[in-house]
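Quick notes on the structure that follows.
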Amino acid sequence: MPSKKTLELRDFSLEDLVSEIAETETQYQKMKFDHAIKGLDNPLALREVRRDLARLKTEARRREVEAMDEQAIAKRSKIRARRAKR
């Protein structure tokens, strides 16, 4: 079952999703820098932001795959099958 955060992301528009990804990436980079220089009060916050970023990117990719036409999906399936043979 999807988490509450994942369900909330499905309500975002594509523009909101893209801006949220950019904002979260910037926040993550700043937190990593701050952690390297002076340390964070709660270093587990890095994990939370990283996971939020992954959720955002996953939702964006899910929408991208849904928007693909039949030819693109067939090509994607061939690539995935070729990778599975390795």
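Please note that chains go A, B, ... in the order of the structure tokens, that every chain numbers its residues from 1, and that ligands are numbered from 1 in the order shown.
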If you run DSSP on the backbone here, which positions in chain A get helix (DSSP H, G or I)? Please write them as a PyMOL selection string.
chain A and resi 4-9+14-37+44-66+70-84
Name all residues at most 12 Å from Ser13 of chain A (count only C-alpha atoms; drop same-chain ones fewer than 6 positions away) and give them as a short mmCIF file (atom, residue, chain, number, x, y, z; two decimals) with C-alpha atoms, in the first residue's frame.
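Result file is part.cif:
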data_model
loop_
_atom_site.label_atom_id
_atom_site.label_comp_id
_atom_site.auth_asym_id
_atom_site.auth_seq_id
_atom_site.Cartn_x
_atom_site.Cartn_y
_atom_site.Cartn_z
CA SER A 19 9.55 22.62 -9.09
CA GLU A 20 9.38 20.47 -5.95
CA LEU A 56 9.31 12.77 -6.24
CA GLU A 59 6.27 9.85 -9.38
CA ALA A 60 7.66 11.93 -12.27
CA ARG A 63 3.82 9.80 -15.18
#
Between A:Leu53, A:Leu46, A:Leu7, A:Ala67, which has the minimum distance to Met31 of chain A (counting only C-alpha atoms)?
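With only C-alpha atoms as the atom set, the closest residue is A:Leu46.
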Compare A:Arg55, A:His35, A:Lys30, A:Arg80 by their minimum atom-to-atom distance to Lys5 of chain A, counting only C-alpha atoms, and give me the closest one.
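Closest residue, counting only C-alpha atoms: A:Arg55.
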From A:Asp41, A:Leu9, A:Arg50, A:Lys78, residue lying nearest Thr26 of chain A [only C-alpha atoms]
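Counting only C-alpha atoms, the residue closest to Thr26 of chain A is A:Arg50.
Across A:Ala72, A:Val65, A:Ile79, A:Val49, the tightest approach to Glu25 of chain A is made by A:Val49 when counting only C-alpha atoms.
Picture a line from atom CA of Ile73 of chain A to atom CA of Arg61 of chain A; it runs 13.2 Å.
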